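query.txt (compact mmCIF, C-alpha atoms) appears below.
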# COMPACT_ATOMS: atom_id res chain seq x y z
CA MET V 1 136.91 116.27 80.67
CA THR V 2 134.98 119.46 80.13
CA LYS V 3 132.71 119.95 77.18
CA GLU V 4 135.36 121.93 75.32
CA GLU V 5 138.09 119.34 75.78
CA LEU V 6 135.68 116.61 74.84
CA LYS V 7 134.68 118.43 71.70
CA ASN V 8 138.29 118.92 70.67
CA THR V 9 139.21 115.31 71.31
CA LEU V 10 136.21 114.04 69.37
CA ALA V 11 136.74 116.42 66.49
CA ALA V 12 140.24 115.08 66.13
CA LEU V 13 139.10 111.47 66.22
CA PHE V 14 136.06 111.86 63.97
CA PRO V 15 136.75 114.59 61.43
CA SER V 16 133.42 114.13 59.66
CA ALA V 17 131.22 114.57 62.72
CA SER V 18 129.42 117.80 63.56
CA PHE V 19 128.68 119.09 67.02
CA GLU V 20 125.98 121.07 68.80
CA GLU V 21 126.43 122.56 72.22
CA THR V 22 123.05 124.05 72.94
CA GLY V 23 121.88 121.50 75.46
CA GLU V 24 123.15 120.27 78.77
CA TRP V 25 125.41 117.70 77.10
CA LEU V 26 127.59 117.83 74.05
CA ASN V 27 125.73 116.52 70.97
CA MET V 28 127.56 114.73 68.20
CA ASN V 29 125.95 113.91 64.87
CA SER V 30 127.14 110.78 63.17
CA THR V 31 126.08 108.69 60.20
CA ALA V 32 124.58 105.23 60.23
CA GLY V 33 127.34 103.69 58.19
CA ASP V 34 130.27 104.48 60.47
CA PHE V 35 128.47 104.49 63.75
CA LEU V 36 129.59 101.02 64.81
CA SER V 37 133.28 101.79 64.47
CA ALA V 38 132.77 105.16 66.13
CA ALA V 39 131.03 103.43 69.04
CA ALA V 40 133.94 101.03 69.47
CA VAL V 41 136.33 103.96 69.62
CA LEU V 42 134.13 105.79 72.10
CA ARG V 43 134.09 102.78 74.36
CA ASN V 44 137.70 101.76 74.21
CA HIS V 45 139.65 104.99 73.89
CA PRO V 46 141.56 105.47 77.16
CA GLU V 47 140.72 109.14 77.49
CA LEU V 48 137.05 108.81 76.62
CA ASN V 49 136.01 105.45 78.07
CA PHE V 50 132.26 105.79 77.51
CA ASP V 51 131.26 102.55 79.14
CA TYR V 52 127.69 103.40 80.17
CA LEU V 53 124.93 103.75 77.59
CA PHE V 54 122.26 105.24 79.82
CA CYS V 55 119.60 105.84 77.22
CA GLN V 56 118.90 104.82 73.69
CA THR V 57 115.79 106.03 71.89
CA CYS V 58 114.51 107.14 68.53
CA VAL V 59 112.78 110.35 67.54
CA ASP V 60 110.34 110.59 64.66
CA TRP V 61 110.80 113.82 62.78
CA LYS V 62 108.22 113.49 60.07
CA THR V 63 110.73 113.38 57.27
CA HIS V 64 113.25 111.06 58.87
CA LEU V 65 114.02 109.14 62.04
CA THR V 66 116.87 109.96 64.41
CA MET V 67 118.51 107.46 66.75
CA VAL V 68 119.73 109.07 69.95
CA TYR V 69 122.37 107.48 72.17
CA HIS V 70 123.18 108.90 75.59
CA LEU V 71 126.64 107.86 76.74
CA GLU V 72 128.46 108.40 79.99
CA SER V 73 131.82 107.44 81.35
CA THR V 74 131.77 106.04 84.84
CA GLN V 75 135.46 106.77 85.19
CA PHE V 76 135.68 110.35 84.01
CA ARG V 77 132.03 111.28 84.54
CA HIS V 78 131.54 113.08 81.25
CA GLN V 79 128.47 112.60 79.06
CA LEU V 80 127.90 112.61 75.35
CA VAL V 81 124.83 112.45 73.13
CA VAL V 82 125.21 110.88 69.70
CA LYS V 83 122.50 111.38 67.09
CA VAL V 84 122.29 109.30 63.95
CA GLN V 85 119.86 110.09 61.15
CA LEU V 86 118.02 107.22 59.54
CA ASP V 87 116.06 106.98 56.34
CA ARG V 88 112.37 106.71 57.06
CA ASN V 89 111.48 104.16 54.42
CA ASN V 90 114.20 101.72 55.35
CA PRO V 91 115.52 102.46 58.83
CA GLU V 92 118.49 100.20 59.45
CA ILE V 93 121.49 100.49 61.67
CA GLU V 94 124.07 98.20 63.15
CA THR V 95 123.39 97.04 66.66
CA VAL V 96 125.67 98.22 69.44
CA SER V 97 124.72 95.42 71.82
CA SER V 98 128.14 93.88 71.35
CA ILE V 99 129.66 97.05 72.78
CA TRP V 100 127.10 97.97 75.47
CA LYS V 101 125.00 95.04 76.62
CA THR V 102 122.13 97.22 77.77
CA ALA V 103 121.48 98.09 74.14
CA GLU V 104 119.86 94.67 73.69
CA PHE V 105 116.70 95.75 75.51
CA HIS V 106 116.74 99.36 74.35
CA GLU V 107 117.01 98.28 70.74
CA ARG V 108 114.16 95.83 71.16
CA GLU V 109 112.01 98.67 72.40
CA VAL V 110 113.02 100.96 69.52
CA TYR V 111 112.29 98.11 67.12
CA GLU V 112 108.82 97.51 68.48
CA MET V 113 107.88 101.19 68.67
CA PHE V 114 109.51 102.63 65.53
CA GLY V 115 110.39 99.70 63.33
CA VAL V 116 114.13 100.30 63.14
CA ASN V 117 115.87 97.16 61.96
CA PHE V 118 119.00 96.45 63.96
CA LEU V 119 121.44 94.36 61.94
CA ASN V 120 123.09 91.48 63.76
CA HIS V 121 121.00 91.86 66.88
CA PRO V 122 121.04 88.59 68.85
CA ASP V 123 117.31 88.52 69.70
CA LEU V 124 115.19 91.12 67.93
CA ARG V 125 111.57 90.75 68.98
CA LEU V 126 108.86 92.65 70.84
CA LEU V 127 109.73 93.74 74.35
CA ILE V 128 106.60 95.09 76.02
CA LEU V 129 103.85 95.08 73.41
CA PRO V 130 101.79 91.91 73.42
CA GLU V 131 101.57 89.49 70.51
CA GLY V 132 99.90 90.78 67.41
CA TRP V 133 101.66 94.13 67.41
CA GLU V 134 104.44 93.15 65.01
CA GLY V 135 104.51 95.47 62.04
CA LYS V 136 102.55 98.24 63.70
CA TYR V 137 104.87 100.85 65.10
CA PRO V 138 102.86 102.84 67.62
CA LEU V 139 105.22 105.72 68.34
CA ARG V 140 105.53 106.78 64.73
CA LYS V 141 103.75 109.98 63.90
CA ASP V 142 101.64 108.35 61.21
CA PHE V 143 100.35 105.52 63.37
CA GLU V 144 96.58 105.13 62.97
CA ASP V 145 94.43 103.01 65.23
CA SER V 146 90.75 103.70 64.77
CA VAL V 147 89.69 101.27 67.49
CA ASN V 148 91.76 102.43 70.44
CA MET V 149 92.97 105.90 69.62
CA ILE V 150 90.87 109.02 69.90
CA ARG V 151 92.68 111.75 68.07
CA LEU V 152 92.76 115.21 69.53
CA MET E 153 72.29 95.40 127.31
CA ASN E 154 70.06 98.44 127.46
CA ASP E 155 72.69 100.42 129.33
CA VAL E 156 75.47 99.34 127.00
CA LEU E 157 73.60 100.44 123.91
CA LYS E 158 72.57 103.71 125.46
CA ASN E 159 76.19 104.40 126.24
CA ILE E 160 77.25 103.75 122.69
CA GLU E 161 74.62 106.01 121.21
CA SER E 162 75.07 108.92 123.51
CA SER E 163 78.74 108.65 124.22
CA LYS E 164 80.86 111.73 124.35
CA VAL E 165 82.55 111.01 121.04
CA TYR E 166 82.68 114.14 118.93
CA ARG E 167 80.85 113.51 115.70
CA PHE E 168 81.43 116.22 113.16
CA GLY E 169 78.43 116.31 110.91
CA GLU E 170 76.71 112.99 111.31
CA GLU E 171 75.70 112.94 107.67
CA HIS E 172 79.25 113.37 106.47
CA SER E 173 81.14 111.22 108.85
CA GLY E 174 81.69 107.55 108.63
CA ILE E 175 80.62 107.04 112.20
CA ALA E 176 77.16 105.58 112.35
CA ALA E 177 75.19 104.48 115.31
CA PHE E 178 74.20 100.88 115.58
CA PRO E 179 70.90 100.63 113.74
CA GLY E 180 67.99 99.57 115.78
CA GLN E 181 65.91 100.56 118.68
CA VAL E 182 65.83 99.24 122.16
CA HIS E 183 62.47 98.62 123.69
CA PRO E 184 62.61 98.40 127.43
CA ALA E 185 61.04 95.33 128.85
CA PRO E 186 61.03 93.91 132.30
CA GLY E 187 64.27 92.02 132.83
CA GLY E 188 66.32 93.89 130.24
CA GLY E 189 65.74 95.37 126.82
CA VAL E 190 64.78 94.05 123.44
CA LEU E 191 66.63 95.24 120.40
CA VAL E 192 64.46 95.58 117.36
CA SER E 193 66.06 96.07 114.02
CA ARG E 194 66.00 94.88 110.47
CA LEU E 195 68.57 92.20 109.83
CA ASP E 196 69.62 93.89 106.58
CA ASP E 197 70.37 97.10 108.43
CA VAL E 198 72.54 95.34 110.94
CA ILE E 199 74.36 93.35 108.28
CA ASN E 200 74.99 96.41 106.14
CA TRP E 201 76.20 98.35 109.13
CA ALA E 202 78.63 95.61 110.02
CA ARG E 203 79.86 95.24 106.45
CA SER E 204 80.37 98.93 105.94
CA ASN E 205 82.43 99.26 109.06
CA SER E 206 84.86 96.57 108.12
CA LEU E 207 85.67 96.78 104.44
CA TRP E 208 88.98 95.16 103.64
CA PRO E 209 90.54 96.65 100.55
CA LEU E 210 92.38 94.85 97.81
CA VAL E 211 95.04 97.26 96.80
CA PHE E 212 95.36 97.37 93.05
CA GLY E 213 97.85 100.15 92.64
CA THR E 214 99.13 100.27 89.11
CA SER E 215 100.30 103.84 88.77
CA CYS E 216 100.84 107.15 90.56
CA CYS E 217 97.56 106.96 92.45
CA ALA E 218 99.08 104.08 94.35
CA ILE E 219 101.37 106.53 96.12
CA GLU E 220 98.40 108.51 97.36
CA MET E 221 96.72 105.29 98.41
CA MET E 222 99.80 104.26 100.36
CA SER E 223 99.76 107.68 101.95
CA ALA E 224 96.13 107.26 102.92
CA ALA E 225 97.01 103.95 104.50
CA SER E 226 99.95 105.15 106.51
CA ALA E 227 100.17 107.14 109.68
CA LYS E 228 99.24 110.65 108.64
CA PHE E 229 95.89 109.96 106.97
CA ASP E 230 95.28 106.57 108.50
CA TRP E 231 92.30 104.85 106.92
CA SER E 232 92.18 102.03 109.40
CA ARG E 233 90.32 104.41 111.66
CA PHE E 234 87.35 103.59 109.46
CA GLY E 235 87.82 99.87 109.44
CA PHE E 236 89.94 99.35 106.34
CA GLU E 237 92.52 97.78 108.50
CA VAL E 238 93.58 94.69 106.65
CA ALA E 239 94.77 95.47 103.17
CA ARG E 240 95.78 92.15 101.75
CA ALA E 241 97.26 91.53 98.38
CA THR E 242 94.96 88.59 97.86
CA PRO E 243 91.50 89.01 96.33
CA ARG E 244 90.07 86.09 98.26
CA GLN E 245 90.05 88.01 101.52
CA ALA E 246 89.10 91.42 100.19
CA ASP E 247 85.76 93.24 100.05
CA VAL E 248 86.52 96.35 98.07
CA ILE E 249 88.98 96.74 95.21
CA ILE E 250 90.48 100.18 94.89
CA ILE E 251 91.67 100.63 91.32
CA ALA E 252 94.45 103.12 91.88
CA GLY E 253 96.03 103.89 88.57
CA THR E 254 95.93 103.48 84.83
CA ILE E 255 94.51 100.33 83.31
CA VAL E 256 96.25 99.43 80.07
CA ASN E 257 95.05 96.90 77.53
CA LYS E 258 97.50 94.34 78.81
CA MET E 259 96.29 94.74 82.40
CA ALA E 260 92.56 94.58 81.72
CA PRO E 261 92.26 90.76 81.74
CA VAL E 262 94.22 90.67 84.99
CA LEU E 263 91.83 93.15 86.57
CA LYS E 264 88.86 91.10 85.41
CA ARG E 265 90.35 87.93 86.81
CA LEU E 266 91.03 89.51 90.19
CA TYR E 267 87.52 90.89 90.35
CA ASP E 268 86.09 87.47 89.56
CA GLN E 269 88.19 85.91 92.27
CA MET E 270 86.80 88.18 94.94
CA ALA E 271 83.97 86.76 97.03
CA ASP E 272 80.54 88.39 97.20
CA PRO E 273 79.71 91.02 98.39
CA LYS E 274 82.30 93.09 96.60
CA TYR E 275 82.51 96.75 95.83
CA VAL E 276 84.70 98.75 93.48
CA ILE E 277 86.22 102.19 93.82
CA ALA E 278 87.76 103.79 90.75
CA MET E 279 90.40 106.13 92.08
CA GLY E 280 91.80 108.93 90.02
CA ALA E 281 91.26 110.21 86.53
CA CYS E 282 92.81 107.25 84.74
CA ALA E 283 90.53 104.68 86.32
CA THR E 284 87.50 106.91 85.87
CA SER E 285 87.81 107.73 82.21
CA GLY E 286 91.33 107.20 80.95
CA GLY E 287 92.37 110.54 82.41
CA PRO E 288 95.25 112.31 80.70
CA PHE E 289 95.56 109.31 78.37
CA PHE E 290 92.11 109.64 76.87
CA TYR E 291 93.40 111.11 73.62
CA ASN E 292 96.09 109.84 71.33
CA THR E 293 97.00 106.63 73.06
CA TYR E 294 96.93 103.12 71.73
CA SER E 295 97.15 101.20 74.95
CA VAL E 296 95.03 102.67 77.76
CA VAL E 297 91.53 101.45 78.60
CA LYS E 298 89.38 104.57 78.75
CA GLY E 299 87.97 103.99 82.19
CA ALA E 300 88.00 100.94 84.41
CA ASP E 301 84.24 100.61 84.08
CA HIS E 302 84.79 99.13 80.63
CA VAL E 303 86.09 96.10 82.49
CA ILE E 304 84.28 95.83 85.83
CA PRO E 305 81.26 97.63 87.35
CA VAL E 306 82.25 100.55 89.55
CA ASP E 307 80.46 101.93 92.64
CA VAL E 308 82.37 105.07 93.54
CA TYR E 309 84.48 107.29 91.32
CA VAL E 310 87.09 109.59 92.82
CA ALA E 311 88.18 112.61 90.84
CA GLY E 312 91.74 113.83 90.95
CA CYS E 313 95.09 113.25 89.37
CA PRO E 314 96.02 111.98 91.86
CA PRO E 315 93.27 112.56 94.40
CA ARG E 316 94.48 113.67 97.79
CA PRO E 317 94.37 111.06 100.55
CA GLU E 318 91.50 112.98 102.10
CA ALA E 319 89.57 112.59 98.87
CA LEU E 320 90.19 108.86 98.88
CA ILE E 321 89.04 108.58 102.47
CA HIS E 322 85.96 110.64 101.61
CA SER E 323 85.18 108.22 98.81
CA LEU E 324 85.54 105.30 101.18
CA MET E 325 83.15 106.96 103.59
CA MET E 326 80.74 107.54 100.73
CA LEU E 327 80.96 103.87 99.89
CA GLN E 328 80.14 103.08 103.50
CA GLN E 329 77.05 105.24 103.31
CA LYS E 330 76.03 103.61 100.07
CA ILE E 331 76.31 100.21 101.66
CA ARG E 332 74.25 101.24 104.64
CA LYS E 333 71.50 102.57 102.46
CA GLY E 334 71.58 99.55 100.21
CA MET E 335 72.47 101.48 97.09
CA THR E 336 75.57 99.72 95.78
CA ARG E 337 75.37 97.76 92.55
CA GLU E 338 75.73 94.50 94.42
CA GLN E 339 72.80 95.21 96.68
CA ILE E 340 70.55 96.56 93.95
CA ARG E 341 71.23 93.48 91.88
CA ASN E 342 70.42 91.21 94.78
CA ASP E 343 67.19 93.08 95.46
CA MET E 344 66.21 92.70 91.84
CA LYS E 345 66.90 88.99 91.95
CA VAL E 346 64.72 88.40 94.99
CA ALA E 347 61.89 90.58 93.74
Encoded form (structure tokens):
Amino acid sequence: MTKEELKNTLAALFPSASFEETGEWLNMNSTAGDFLSAAAVLRNHPELNFDYLFCQTCVDWKTHLTMVYHLESTQFRHQLVVKVQLDRNNPEIETVSSIWKTAEFHEREVYEMFGVNFLNHPDLRLLILPEGWEGKYPLRKDFEDSVNMIRL
Amino acid sequence: MNDVLKNIESSKVYRFGEEHSGIAAFPGQVHPAPGGGVLVSRLDDVINWARSNSLWPLVFGTSCCAIEMMSAASAKFDWSRFGFEVARATPRQADVIIIAGTIVNKMAPVLKRLYDQMADPKYVIAMGACATSGGPFFYNTYSVVKGADHVIPVDVYVAGCPPRPEALIHSLMMLQQKIRKGMTREQIRNDMKVA
């Protein structure tokens, strides 16, 4: 589907979502509460069929965090970016690893770097950082490390 | 033997800038004597000459510099012209460790262990900006060791991000010259021990 058709289909399915079309892919903004049901629809709907989560990260805007999901359909070859805003003091969101299995590792990385708590994740622990780094979230903008980091 | 050595020293090999090239004549002088010649040389000179001409590298490519190191090893910039023929992955059979890439905090104990497993005499080349000083990751990073010389002693530093294969080969030739003159850390330490 083209970006226009995709936008129309999604606007019909999710009336409360907003869209941005400035980038290469269509961006859809969603909320943390209904993201899990929206993800199920995105995966299983016969015309959308987003079965490939090719990237999942988090962005630290200093006032809030934003989860970013990059989805693609291997059947129709269209892409979608879903952005979900999270509260900075208590960042929690449902895990999507039951829908896309690759999210298990991506969510572990987001957990270790940003501290986002993924509810119902099967195995939430550090992925790459060695032991002793629990509780310190290095990729947050307010991360301080006087021993290792030299601030520019 | 006299004739053989004379042929080596005055052969028609083109040597571009003797002081810059890695080609070095066999150290020593031949004194003619009835019945042949007598080669007079210092044993250290001969040993250093032999060691410098056959340095086997341990390739420790962690990051992008490894690509340039692979390029220096392959056909276009061939470093086995200079004797670095056998690049094994095992530290037991290696003389020089080329640290090609970024050293992160998780990798530092591994680097130390590999260096300890190498047999004497061993030399170290820090290739690229990351191994020299942390490179582009000097500021604002929580995980990069700011220079491989925080972990092991380094003989030759190569600048570049990544350095061209010619620069890496030049650094290897510089290491060869250092070995022949007895100026590497290993040799200075041994001299201090004896004296």
Taking a cut-off of 10 Å and counting all atoms listed in the file, can you build a table that, for each residue of chain E near chain V, reports the nearest atom pair and how far apart they are in Å (one decimal), sorted by chain then residue number, as a tab-separated table?
residue	atom	partner	partner_atom	distance
E:Asn257	CA	V:Pro130	CA	9.3
E:Lys258	CA	V:Pro130	CA	7.3
E:Phe289	CA	V:Ile150	CA	9.7
E:Phe290	CA	V:Ile150	CA	7.1
E:Tyr291	CA	V:Ile150	CA	5.0
E:Asn292	CA	V:Arg151	CA	5.1
E:Thr293	CA	V:Met149	CA	5.3
E:Tyr294	CA	V:Met149	CA	5.3
E:Ser295	CA	V:Asn148	CA	7.1
E:Val296	CA	V:Asn148	CA	8.0
E:Val297	CA	V:Asn148	CA	8.2
E:Lys298	CA	V:Asn148	CA	8.9
request  = Go ahead and compute the interatomic distance for CA of Lys83 (chain V) and CA of Ser30 (chain V), in Å to one decimal.
outcome  =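 CA of Ser30 (chain V) lies 6.1 Å from CA of Lys83 (chain V).
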Write out as an mmCIF file with C-alpha atoms, in the frame of the given file the residues lying within 9 Å of Arg77 (chain V), counting all atoms listed in the file and excluding same-chain residues fewer than 3 positions away.
data_model
loop_
_atom_site.group_PDB
_atom_site.id
_atom_site.type_symbol
_atom_site.label_atom_id
_atom_site.label_comp_id
_atom_site.auth_asym_id
_atom_site.auth_seq_id
_atom_site.Cartn_x
_atom_site.Cartn_y
_atom_site.Cartn_z
ATOM 1 C CA MET V 1 136.910 116.270 80.670
ATOM 2 C CA PHE V 50 132.260 105.790 77.510
ATOM 3 C CA GLU V 72 128.460 108.400 79.990
ATOM 4 C CA SER V 73 131.820 107.440 81.350
ATOM 5 C CA THR V 74 131.770 106.040 84.840
#
request  = Fewer than 4 positions away in the same chain doesn't count, so skip those; otherwise give me all residues within 9 Å of region 32-41 of chain V, counting only C-alpha atoms, as a VMD selection string.
outcome  = chain V and resid 13 to 14 45 48 to 50 84 to 86 92 to 96 99
message = I'd like the contact shell of Phe114 (chain V) - 10 Å cut-off, all atoms listed in the file, skipping same-chain residues fewer than 5 positions apart - returned as a PyMOL selection string.
response = chain V and resi 57-60+65+88+91+108-109+135-141+143
ask   = To one decimal place, how far is CA of Asp196 (chain E) from CA of Ala278 (chain E) in Å?
value = 26.0 Å
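Pairwise distance (CA of Val248 (chain E), CA of Pro288 (chain E)) equals 25.2 Å.
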ask   = Counting only C-alpha atoms, what is within 12 Å of Gly280 (chain E), bar same-chain residues fewer than 5 positions away, as number ranges by chain?
value = E: 213-221, 250-255, 285-288, 299-300, 308-317, 319-320, 323
Quick one: what's the axis-aligned box for region 51-56 of chain V, all listed atoms, 5 Å on every side, centre and edges in Å to one decimal, as JSON?
{"center_x": 125.1, "center_y": 104.2, "center_z": 76.9, "size_x": 22.4, "size_y": 13.3, "size_z": 16.5}
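With all atoms listed in the file as the atoms that count, the residue of E:Val198, E:Glu318, E:Leu191, E:Met335 with the shortest distance to Ala224 (chain E) is E:Glu318.
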Leu80 (chain V) environment, 8 Å, only C-alpha atoms, sequence neighbours closer than 3 positions dropped, as a list in words =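 With the cut-off at 8 Å, the set is Trp25, Leu26, Asn27, Met28, His70, Leu71 and Glu72 of chain V.
Nearest residue to Leu210 (chain E), choosing from E:Val306, E:Ala176, E:Arg240, E:Pro261 and counting only C-alpha atoms: E:Arg240.
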task = Rank nothing, just name the residue among E:Val303, E:Tyr275, E:Gln245, E:Phe236 nearest to Met259 (chain E), using only C-alpha atoms.
result =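 Among the listed residues, E:Val303 lies closest to Met259 (chain E).
Comparing V:Leu124, V:Val116, V:His78, V:Trp100 by their smallest distance to Glu5 (chain V), the closest is V:His78 (using only C-alpha atoms).
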